[in-house]
Every structure is written in C-alpha cells, then in structure tokens.
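These notes are about the structure you will find just below.
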Amino acid sequence: MYTIDDVEQMLNDIADEIPDEFFKYLNGGVILLEECKPHPQGLGDLYIMGQYHNSREMGRHICIYYGSFMRVHGGAPEDVLREKLQETLLHEFTHHLESLSGERGLEIKDRMKLNEYRHIHRRGEP
C-alpha cells in the first residue's frame, strides 16, 4: 500500500512532464484528495479516480482521489500505479482542454462507457 505522500510525489512527477500550456486557465491546479469515491451508478466495483471541475466558485481544477486509487490499484507495482495515475491525469486534462474549446467528445465517450458497464452488469456478465 502506498501512502498519500507517495502518490502525491508520483502525481507531481507526472504533472511536471505535462506541457505548461495544458495548465492554462486551470487556476485551481491538480488536487489529490484522500477520499475513496464510489461511482454513484456503479455496483460497488466502480470508482471515480479523478474529476475535472469547472465552476464559478472554485474555478477550473482537477481532483484525483487517493482512496479510489488505493482501493483499485493499492497492491499494484509502482510502475503500474504510476501508469494508472498518468492515464487518469491526462484523461482529466483532456476534459479541461475540451472545455476550453467547447468540445464534449470525451464526455460523450465516458457516458458511452458507463452505459456499456451498466448493460453488461444488467445481463449478469462479470
């Protein structure tokens, strides 16, 4: 199991590799939160790993959920955990960049993946 400090260091290292232009208008930056966040439409096996937020009150920021990562990838080798963190962070940055350009392609793709998950679980498949 990794400490929150371990994961924060990995996340900072990953963020350092991302071009500065990606951070434009991301006034709240990237935040690592301790919580585990089950997906409200999941069946106990689906977790939210990260979220992009854009609000008047808090501005634009990305949250990564340490608890969700530990629930799903806590026993993984360090290179695997780092890869999953990188995938999630880049996914959320894609939401940020699409938001700036008025696009919604990834949002639509995420919704389709959730619908597929629900369809599979309705049929009783693993």
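Labeling convention for the structure tokens: chains A, B, ... as they appear, residues from 1 per chain, ligands from 1 in order of appearance.
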
Within 9 Å of region 102-126 of chain A: each region 17-63 of chain A residue with its shortest pair, only C-alpha atoms, as JSON lines:
{"residue": "A:Gln41", "atom": "CA", "partner": "A:Arg118", "partner_atom": "CA", "distance": 8.1}
{"residue": "A:Gly42", "atom": "CA", "partner": "A:Arg118", "partner_atom": "CA", "distance": 7.8}
{"residue": "A:Leu43", "atom": "CA", "partner": "A:His121", "partner_atom": "CA", "distance": 8.3}

Please, could you write that set of residues out with N, CA, C and O atoms as a tab-separated table (two decimals), in the first residue's frame?
chain	number	residue	atom	x	y	z
A	41	GLN	N	-23.34	5.38	-9.94
A	41	GLN	CA	-24.10	4.47	-10.79
A	41	GLN	C	-23.43	3.09	-10.87
A	41	GLN	O	-23.84	2.25	-11.67
A	42	GLY	N	-22.41	2.89	-10.06
A	42	GLY	CA	-21.72	1.60	-10.05
A	42	GLY	C	-22.40	0.61	-9.12
A	42	GLY	O	-23.34	0.94	-8.40
A	43	LEU	N	-21.90	-0.59	-9.13
A	43	LEU	CA	-22.47	-1.66	-8.31
A	43	LEU	C	-21.47	-2.10	-7.25
A	43	LEU	O	-21.32	-3.28	-6.96

Enumerate, in order of chain and increasing residue number, the residues of region 94-114 of chain A with an atom no farther than 12 Å from region 56-70 of chain A, each with its shortest atom pair and distance in Å to one decimal, counting only C-alpha atoms, as JSON lines.
{"residue": "A:Thr94", "atom": "CA", "partner": "A:Ile62", "partner_atom": "CA", "distance": 10.8}
{"residue": "A:His95", "atom": "CA", "partner": "A:Ile62", "partner_atom": "CA", "distance": 9.5}
{"residue": "A:His96", "atom": "CA", "partner": "A:Arg60", "partner_atom": "CA", "distance": 7.8}
{"residue": "A:Leu97", "atom": "CA", "partner": "A:Arg60", "partner_atom": "CA", "distance": 10.8}
{"residue": "A:Ser99", "atom": "CA", "partner": "A:Arg60", "partner_atom": "CA", "distance": 9.8}
{"residue": "A:Leu100", "atom": "CA", "partner": "A:Arg60", "partner_atom": "CA", "distance": 10.2}

Could you write out the selected residues, including all heavy atoms, as a short mmCIF file (atom, residue, chain, number, x, y, z; two decimals), in the first residue's frame?
data_model
loop_
_atom_site.label_atom_id
_atom_site.label_comp_id
_atom_site.auth_asym_id
_atom_site.auth_seq_id
_atom_site.Cartn_x
_atom_site.Cartn_y
_atom_site.Cartn_z
N THR A 94 -7.68 16.23 -20.65
CA THR A 94 -8.43 16.25 -21.90
C THR A 94 -9.78 16.90 -21.68
O THR A 94 -10.24 17.71 -22.51
CB THR A 94 -8.58 14.83 -22.47
OG1 THR A 94 -7.28 14.27 -22.66
CG2 THR A 94 -9.33 14.82 -23.79
N HIS A 95 -10.44 16.58 -20.56
CA HIS A 95 -11.71 17.26 -20.24
C HIS A 95 -11.49 18.77 -20.14
O HIS A 95 -12.30 19.56 -20.63
CB HIS A 95 -12.30 16.74 -18.93
CG HIS A 95 -13.00 15.43 -19.03
ND1 HIS A 95 -14.10 15.24 -19.83
CD2 HIS A 95 -12.76 14.24 -18.42
CE1 HIS A 95 -14.52 13.99 -19.71
NE2 HIS A 95 -13.72 13.36 -18.86
N HIS A 96 -10.40 19.16 -19.49
CA HIS A 96 -10.09 20.59 -19.33
C HIS A 96 -9.91 21.27 -20.69
O HIS A 96 -10.53 22.30 -20.97
CB HIS A 96 -8.82 20.75 -18.48
CG HIS A 96 -8.29 22.14 -18.41
ND1 HIS A 96 -9.03 23.20 -17.94
CD2 HIS A 96 -7.08 22.64 -18.76
CE1 HIS A 96 -8.29 24.30 -17.99
NE2 HIS A 96 -7.10 23.99 -18.49
N LEU A 97 -9.09 20.67 -21.53
CA LEU A 97 -8.82 21.28 -22.84
C LEU A 97 -10.06 21.30 -23.72
O LEU A 97 -10.31 22.27 -24.44
CB LEU A 97 -7.67 20.54 -23.52
CG LEU A 97 -6.32 20.64 -22.80
CD1 LEU A 97 -5.29 19.74 -23.47
CD2 LEU A 97 -5.84 22.07 -22.70
N SER A 99 -13.10 21.49 -22.60
CA SER A 99 -13.96 22.52 -22.02
C SER A 99 -13.57 23.90 -22.54
O SER A 99 -14.44 24.72 -22.87
CB SER A 99 -13.84 22.49 -20.49
OG SER A 99 -14.49 23.58 -19.91
N LEU A 100 -12.28 24.14 -22.64
CA LEU A 100 -11.81 25.44 -23.14
C LEU A 100 -12.18 25.66 -24.60
O LEU A 100 -12.39 26.80 -25.02
CB LEU A 100 -10.28 25.53 -22.99
CG LEU A 100 -9.75 25.60 -21.57
CD1 LEU A 100 -8.23 25.56 -21.58
CD2 LEU A 100 -10.26 26.84 -20.84
#

inquiry  = For the alpha helix (DSSP H) assignment from backbone DSSP, which residues of region 71-123 of chain A qualify? Please present them as JSON, numbers by chain.
reply    = {"A": [71, 72, 73, 78, 79, 80, 81, 82, 83, 84, 85, 86, 87, 88, 89, 90, 91, 92, 93, 94, 95, 96, 97, 98, 99, 100, 101, 105, 106, 107, 108, 109, 110, 111, 112, 113, 114, 115, 116, 117, 118, 119, 120, 121, 122]}

Backbone DSSP call of strand (DSSP E) for region 3-125 of chain A, listed as an mmCIF file with N, CA, C and O atoms, in the first residue's frame:
data_model
loop_
_atom_site.group_PDB
_atom_site.id
_atom_site.type_symbol
_atom_site.label_atom_id
_atom_site.label_comp_id
_atom_site.auth_asym_id
_atom_site.auth_seq_id
_atom_site.Cartn_x
_atom_site.Cartn_y
_atom_site.Cartn_z
ATOM 1 N N GLY A 29 -5.447 24.176 -10.216
ATOM 2 C CA GLY A 29 -4.413 23.160 -10.334
ATOM 3 C C GLY A 29 -4.926 21.741 -10.201
ATOM 4 O O GLY A 29 -6.092 21.442 -10.453
ATOM 5 N N VAL A 30 -4.033 20.875 -9.780
ATOM 6 C CA VAL A 30 -4.323 19.455 -9.582
ATOM 7 C C VAL A 30 -4.300 19.197 -8.085
ATOM 8 O O VAL A 30 -3.331 19.520 -7.397
ATOM 9 N N ILE A 31 -5.372 18.608 -7.578
ATOM 10 C CA ILE A 31 -5.532 18.379 -6.142
ATOM 11 C C ILE A 31 -5.663 16.880 -5.889
ATOM 12 O O ILE A 31 -6.469 16.204 -6.529
ATOM 13 N N LEU A 32 -4.885 16.363 -4.962
ATOM 14 C CA LEU A 32 -5.004 14.969 -4.537
ATOM 15 C C LEU A 32 -5.832 14.950 -3.264
ATOM 16 O O LEU A 32 -5.448 15.527 -2.244
ATOM 17 N N LEU A 33 -6.978 14.288 -3.327
ATOM 18 C CA LEU A 33 -7.874 14.191 -2.176
ATOM 19 C C LEU A 33 -7.792 12.787 -1.574
ATOM 20 O O LEU A 33 -7.657 11.808 -2.299
ATOM 21 N N GLY A 50 -10.675 10.273 -10.840
ATOM 22 C CA GLY A 50 -10.380 11.689 -10.957
ATOM 23 C C GLY A 50 -11.563 12.411 -11.568
ATOM 24 O O GLY A 50 -12.435 11.784 -12.174
ATOM 25 N N GLN A 51 -11.594 13.720 -11.374
ATOM 26 C CA GLN A 51 -12.667 14.537 -11.939
ATOM 27 C C GLN A 51 -12.123 15.905 -12.313
ATOM 28 O O GLN A 51 -11.271 16.463 -11.607
ATOM 29 N N TYR A 52 -12.659 16.417 -13.397
ATOM 30 C CA TYR A 52 -12.381 17.791 -13.804
ATOM 31 C C TYR A 52 -13.556 18.641 -13.352
ATOM 32 O O TYR A 52 -14.710 18.269 -13.545
ATOM 33 N N HIS A 53 -13.264 19.764 -12.724
ATOM 34 C CA HIS A 53 -14.310 20.665 -12.246
ATOM 35 C C HIS A 53 -14.134 22.041 -12.876
ATOM 36 O O HIS A 53 -13.014 22.529 -13.013
ATOM 37 N N ASN A 54 -15.252 22.637 -13.209
ATOM 38 C CA ASN A 54 -15.269 23.991 -13.744
ATOM 39 C C ASN A 54 -16.487 24.689 -13.154
ATOM 40 O O ASN A 54 -17.616 24.422 -13.560
ATOM 41 N N SER A 55 -16.244 25.527 -12.157
ATOM 42 C CA SER A 55 -17.368 26.222 -11.521
ATOM 43 C C SER A 55 -16.998 27.683 -11.262
ATOM 44 O O SER A 55 -15.822 28.034 -11.180
ATOM 45 N N GLY A 59 -13.531 27.769 -9.722
ATOM 46 C CA GLY A 59 -12.729 27.831 -10.939
ATOM 47 C C GLY A 59 -12.524 26.459 -11.563
ATOM 48 O O GLY A 59 -13.286 25.531 -11.335
ATOM 49 N N ARG A 60 -11.459 26.337 -12.319
ATOM 50 C CA ARG A 60 -11.137 25.089 -13.017
ATOM 51 C C ARG A 60 -10.046 24.356 -12.249
ATOM 52 O O ARG A 60 -8.999 24.936 -11.958
ATOM 53 N N HIS A 61 -10.311 23.081 -11.949
ATOM 54 C CA HIS A 61 -9.310 22.272 -11.257
ATOM 55 C C HIS A 61 -9.566 20.785 -11.497
ATOM 56 O O HIS A 61 -10.652 20.391 -11.932
ATOM 57 N N ILE A 62 -8.550 20.002 -11.219
ATOM 58 C CA ILE A 62 -8.627 18.553 -11.361
ATOM 59 C C ILE A 62 -8.444 17.930 -9.987
ATOM 60 O O ILE A 62 -7.505 18.283 -9.264
ATOM 61 N N CYS A 63 -9.335 17.013 -9.630
ATOM 62 C CA CYS A 63 -9.212 16.251 -8.388
ATOM 63 C C CYS A 63 -8.843 14.818 -8.733
ATOM 64 O O CYS A 63 -9.436 14.213 -9.631
ATOM 65 N N ILE A 64 -7.880 14.295 -8.018
ATOM 66 C CA ILE A 64 -7.506 12.887 -8.109
ATOM 67 C C ILE A 64 -7.795 12.284 -6.740
ATOM 68 O O ILE A 64 -7.450 12.875 -5.712
ATOM 69 N N TYR A 65 -8.432 11.109 -6.719
ATOM 70 C CA TYR A 65 -8.893 10.504 -5.470
ATOM 71 C C TYR A 65 -7.959 9.378 -5.022
ATOM 72 O O TYR A 65 -8.005 8.261 -5.539
#
